[in-house]
Amino acid sequence: MPELPEVETVRRGLEKKLKNFIIEDIEILRSSTISFPKDNIEFIKGVTHSKFGKWERRGKYLIANLKKYSKSPKKNINPSYKDNGHLIIHLRMTGYLNWLKTRKPPCKHTRVRFFDKNKSELRFVDVRSFGQIWWVKQGLNPKEIINGLGSLGPEPFEKNFNLRYLNKEFSKRSKTVKSVLLDQKIIAGIGNIYADESLYEAGISPFREARTINNRELTRLKDSIIQVLKKSIGSGGTTFSDFRNIEGNNGDYSMQANVYRRAGEKCKKCNNLIQRKKLSGRSTHWCNYCQK
């Protein structure tokens, strides 16, 4: 599943490529991809003639501010724009967005297509079809429409992601430290890859109870999370299976991973073999020697 660095990579690409993209046509190839409104016709009518404004990211959600334009009946008068709510996208496990300069036939996993007047296309592709798209019109609160968006914890790059906050959240939890890292209500944006990598960098076993992590270890973990995420963003995210940026390129962080998907290989610090075990249904990778 794309995590914070992959979604941030996509956000930056969308911000760069779609500055003057006005949606003139929409093709929905899988109706269930549109989560709100449920009526696909309402979605198409509501979003058509909208211009993409600023793109934001909250956790693993992509949020586009839309501006609806209307042409003046008088010639030589520029169209006027008014706020048209938000287009919100969650890539889930296998979704990705692809920007195409010219119109091309869709692949079999294409779910939704957005076109401008020049037939340039923003395409949503999703092999397993878990991805979701919402149009939340002006006047509605996205956090009230999308439950997951309204319950997100702080971002690792925010000021309130600090030792005081982590100590408060970790000290009352008996579940494993990795499970806490994966809980989006506690920290927004971290998934399986970066939980494993951050715990390795901090030298903390993923199987430790969260409440056993002391302040010194929490400081190391906080710094490791930020360091690992920044490093991955700089590499364009991670591609192990489906993730692509909007131009169809893979992320390069996988070449730098220390433990994730490296079971049976030597640890880069101590030369012992990297271990792999299921934890709460998720594959967990760690070094027995370096992580305590």
# chains A, B, ... in the order shown; residues from 1 in each chain; ligands from 1
>>> residues_around(residues="A:Trp55", least_positions_apart="2", cutoff="10 Å", atoms="only C-alpha atoms", output="list in words")
Val10, Arg11, Arg12, Gly13, Leu14, Glu15, Lys16, Leu18, Lys19, Phe52, Gly53, Arg57, Leu62, Ile63, Ala64, Asn65, Leu66, His86, Leu87 and Ile88 of chain A
>>> write_last_selection(atoms="N, CA and C atoms", output="PDB file, in the first residue's frame")
ATOM      1  N   VAL A  10       3.324  11.583  -5.197  1.00  0.00           N
ATOM      2  CA  VAL A  10       2.217  11.781  -6.146  1.00  0.00           C
ATOM      3  C   VAL A  10       1.684  13.205  -6.036  1.00  0.00           C
ATOM      4  N   ARG A  11       1.508  13.699  -4.823  1.00  0.00           N
ATOM      5  CA  ARG A  11       0.995  15.068  -4.631  1.00  0.00           C
ATOM      6  C   ARG A  11       1.872  16.091  -5.338  1.00  0.00           C
ATOM      7  N   ARG A  12       3.163  15.963  -5.176  1.00  0.00           N
ATOM      8  CA  ARG A  12       4.090  16.904  -5.811  1.00  0.00           C
ATOM      9  C   ARG A  12       4.007  16.823  -7.336  1.00  0.00           C
ATOM     10  N   GLY A  13       3.856  15.605  -7.850  1.00  0.00           N
ATOM     11  CA  GLY A  13       3.719  15.444  -9.296  1.00  0.00           C
ATOM     12  C   GLY A  13       2.435  16.063  -9.820  1.00  0.00           C
ATOM     13  N   LEU A  14       1.341  15.866  -9.103  1.00  0.00           N
ATOM     14  CA  LEU A  14       0.051  16.444  -9.499  1.00  0.00           C
ATOM     15  C   LEU A  14       0.100  17.967  -9.462  1.00  0.00           C
ATOM     16  N   GLU A  15       0.710  18.502  -8.420  1.00  0.00           N
ATOM     17  CA  GLU A  15       0.834  19.961  -8.283  1.00  0.00           C
ATOM     18  C   GLU A  15       1.605  20.548  -9.464  1.00  0.00           C
ATOM     19  N   LYS A  16       2.603  19.818  -9.914  1.00  0.00           N
ATOM     20  CA  LYS A  16       3.451  20.296 -11.015  1.00  0.00           C
ATOM     21  C   LYS A  16       2.770  20.166 -12.368  1.00  0.00           C
ATOM     22  N   LEU A  18      -0.585  19.527 -13.191  1.00  0.00           N
ATOM     23  CA  LEU A  18      -1.995  19.858 -13.412  1.00  0.00           C
ATOM     24  C   LEU A  18      -2.349  21.300 -13.076  1.00  0.00           C
ATOM     25  N   LYS A  19      -1.388  22.202 -13.189  1.00  0.00           N
ATOM     26  CA  LYS A  19      -1.631  23.602 -12.824  1.00  0.00           C
ATOM     27  C   LYS A  19      -2.753  24.235 -13.646  1.00  0.00           C
ATOM     28  N   PHE A  52      -8.241  22.123 -11.314  1.00  0.00           N
ATOM     29  CA  PHE A  52      -7.499  21.682 -10.138  1.00  0.00           C
ATOM     30  C   PHE A  52      -6.732  22.871  -9.562  1.00  0.00           C
ATOM     31  N   GLY A  53      -6.963  23.152  -8.285  1.00  0.00           N
ATOM     32  CA  GLY A  53      -6.198  24.174  -7.586  1.00  0.00           C
ATOM     33  C   GLY A  53      -5.064  23.530  -6.818  1.00  0.00           C
ATOM     34  N   ARG A  57      -2.051  16.934   1.043  1.00  0.00           N
ATOM     35  CA  ARG A  57      -2.015  15.549   1.492  1.00  0.00           C
ATOM     36  C   ARG A  57      -2.283  15.518   2.977  1.00  0.00           C
ATOM     37  N   LEU A  62      -5.046  12.122  -0.749  1.00  0.00           N
ATOM     38  CA  LEU A  62      -4.744  13.230  -1.646  1.00  0.00           C
ATOM     39  C   LEU A  62      -5.980  14.119  -1.728  1.00  0.00           C
ATOM     40  N   ILE A  63      -5.788  15.420  -1.589  1.00  0.00           N
ATOM     41  CA  ILE A  63      -6.919  16.351  -1.545  1.00  0.00           C
ATOM     42  C   ILE A  63      -6.676  17.483  -2.535  1.00  0.00           C
ATOM     43  N   ALA A  64      -7.531  17.574  -3.555  1.00  0.00           N
ATOM     44  CA  ALA A  64      -7.441  18.650  -4.545  1.00  0.00           C
ATOM     45  C   ALA A  64      -8.530  19.680  -4.281  1.00  0.00           C
ATOM     46  N   ASN A  65      -8.140  20.942  -4.223  1.00  0.00           N
ATOM     47  CA  ASN A  65      -9.110  22.022  -4.136  1.00  0.00           C
ATOM     48  C   ASN A  65      -9.602  22.330  -5.545  1.00  0.00           C
ATOM     49  N   LEU A  66     -10.908  22.292  -5.745  1.00  0.00           N
ATOM     50  CA  LEU A  66     -11.480  22.496  -7.069  1.00  0.00           C
ATOM     51  C   LEU A  66     -12.056  23.903  -7.210  1.00  0.00           C
ATOM     52  N   HIS A  86     -13.890  19.755  -2.879  1.00  0.00           N
ATOM     53  CA  HIS A  86     -12.640  18.992  -2.935  1.00  0.00           C
ATOM     54  C   HIS A  86     -12.822  17.659  -3.659  1.00  0.00           C
ATOM     55  N   LEU A  87     -11.817  17.294  -4.442  1.00  0.00           N
ATOM     56  CA  LEU A  87     -11.711  15.940  -4.975  1.00  0.00           C
ATOM     57  C   LEU A  87     -10.688  15.226  -4.098  1.00  0.00           C
ATOM     58  N   ILE A  88     -11.097  14.133  -3.480  1.00  0.00           N
ATOM     59  CA  ILE A  88     -10.239  13.434  -2.517  1.00  0.00           C
ATOM     60  C   ILE A  88     -10.024  12.003  -2.998  1.00  0.00           C
TER      61      ILE A  88
END
>>> select_by_dssp(residues="stretch 79-234 of chain A", states="strand (DSSP E)", output="number ranges by chain")
A: 80-90, 95-100, 110-115, 121-126, 132-136
>>> select_by_dssp(residues="stretch 81-155 of chain A", states="alpha helix (DSSP H)", output="ChimeraX atom specification")
/A:142-145,147-150
>>> write_last_selection(atoms="N, CA and C atoms", output="short mmCIF file (atom, residue, chain, number, x, y, z; two decimals), in the first residue's frame")
data_model
loop_
_atom_site.label_atom_id
_atom_site.label_comp_id
_atom_site.auth_asym_id
_atom_site.auth_seq_id
_atom_site.Cartn_x
_atom_site.Cartn_y
_atom_site.Cartn_z
N PRO A 142 -15.29 17.64 4.49
CA PRO A 142 -14.75 16.32 4.11
C PRO A 142 -14.55 15.38 5.29
N LYS A 143 -14.21 15.90 6.45
CA LYS A 143 -13.97 15.06 7.62
C LYS A 143 -15.24 14.41 8.13
N GLU A 144 -16.39 15.00 7.81
CA GLU A 144 -17.67 14.41 8.21
C GLU A 144 -18.15 13.39 7.19
N ILE A 145 -17.69 13.52 5.96
CA ILE A 145 -18.07 12.58 4.89
C ILE A 145 -17.18 11.34 4.92
N ASN A 147 -14.86 9.09 7.12
CA ASN A 147 -14.55 8.79 8.52
C ASN A 147 -13.05 8.71 8.79
N GLY A 148 -12.33 8.04 7.90
CA GLY A 148 -10.89 7.87 8.11
C GLY A 148 -10.14 9.18 8.11
N LEU A 149 -10.60 10.14 7.32
CA LEU A 149 -9.93 11.44 7.23
C LEU A 149 -10.11 12.23 8.52
N GLY A 150 -11.28 12.10 9.13
CA GLY A 150 -11.57 12.86 10.34
C GLY A 150 -10.92 12.32 11.60
#
>>> residues_around(residues="stretch 194-208 of chain A", least_positions_apart="6", cutoff="9 Å", atoms="only C-alpha atoms", output="MDAnalysis selection string")
chainID A and resid 3:4 174:179 181:182 217:229 257:260 279 284:288 290:292
>>> atom_distance(atom1="atom CA of A:Ser32", atom2="atom CA of A:Gly131")
9.3 Å
>>> atom_distance(atom1="atom CA of A:Pro37", atom2="atom CA of A:Asn118")
27.2 Å
>>> atom_distance(atom1="atom CA of A:Phe36", atom2="atom CA of A:Ile146")
9.0 Å
>>> residues_around(residues="A:Gly264", least_positions_apart="5", cutoff="7 Å", atoms="only C-alpha atoms", output="list of chain:residue names")
A:Leu273, A:Ile274, A:Gln275
>>> closest_residue(among="A:Lys172, A:Lys51, A:Lys185, A:Arg276", to="A:Glu209", atoms="only C-alpha atoms")
A:Lys172
>>> closest_residue(among="A:Ala188, A:Asn215, A:Phe114, A:Val127", to="A:Leu163", atoms="only C-alpha atoms")
A:Asn215
>>> residues_around(residues="A:Gly139", least_positions_apart="6", cutoff="10 Å", atoms="only C-alpha atoms", output="PDB file with C-alpha atoms, in the first residue's frame")
ATOM      1  CA  ASP A  83     -14.897  27.254  -5.102  1.00  0.00           C
ATOM      2  CA  ASN A  84     -16.234  23.793  -5.936  1.00  0.00           C
ATOM      3  CA  GLY A  85     -15.236  21.757  -2.922  1.00  0.00           C
TER       4      GLY A  85
END
>>> residues_around(residues="A:Pro5", least_positions_apart="6", cutoff="9 Å", atoms="only C-alpha atoms", output="ChimeraX atom specification")
/A:60,189-190,229-238
>>> closest_residue(among="A:Lys68, A:Arg128, A:Arg261, A:Lys117", to="A:Gly95", atoms="only C-alpha atoms")
A:Arg128
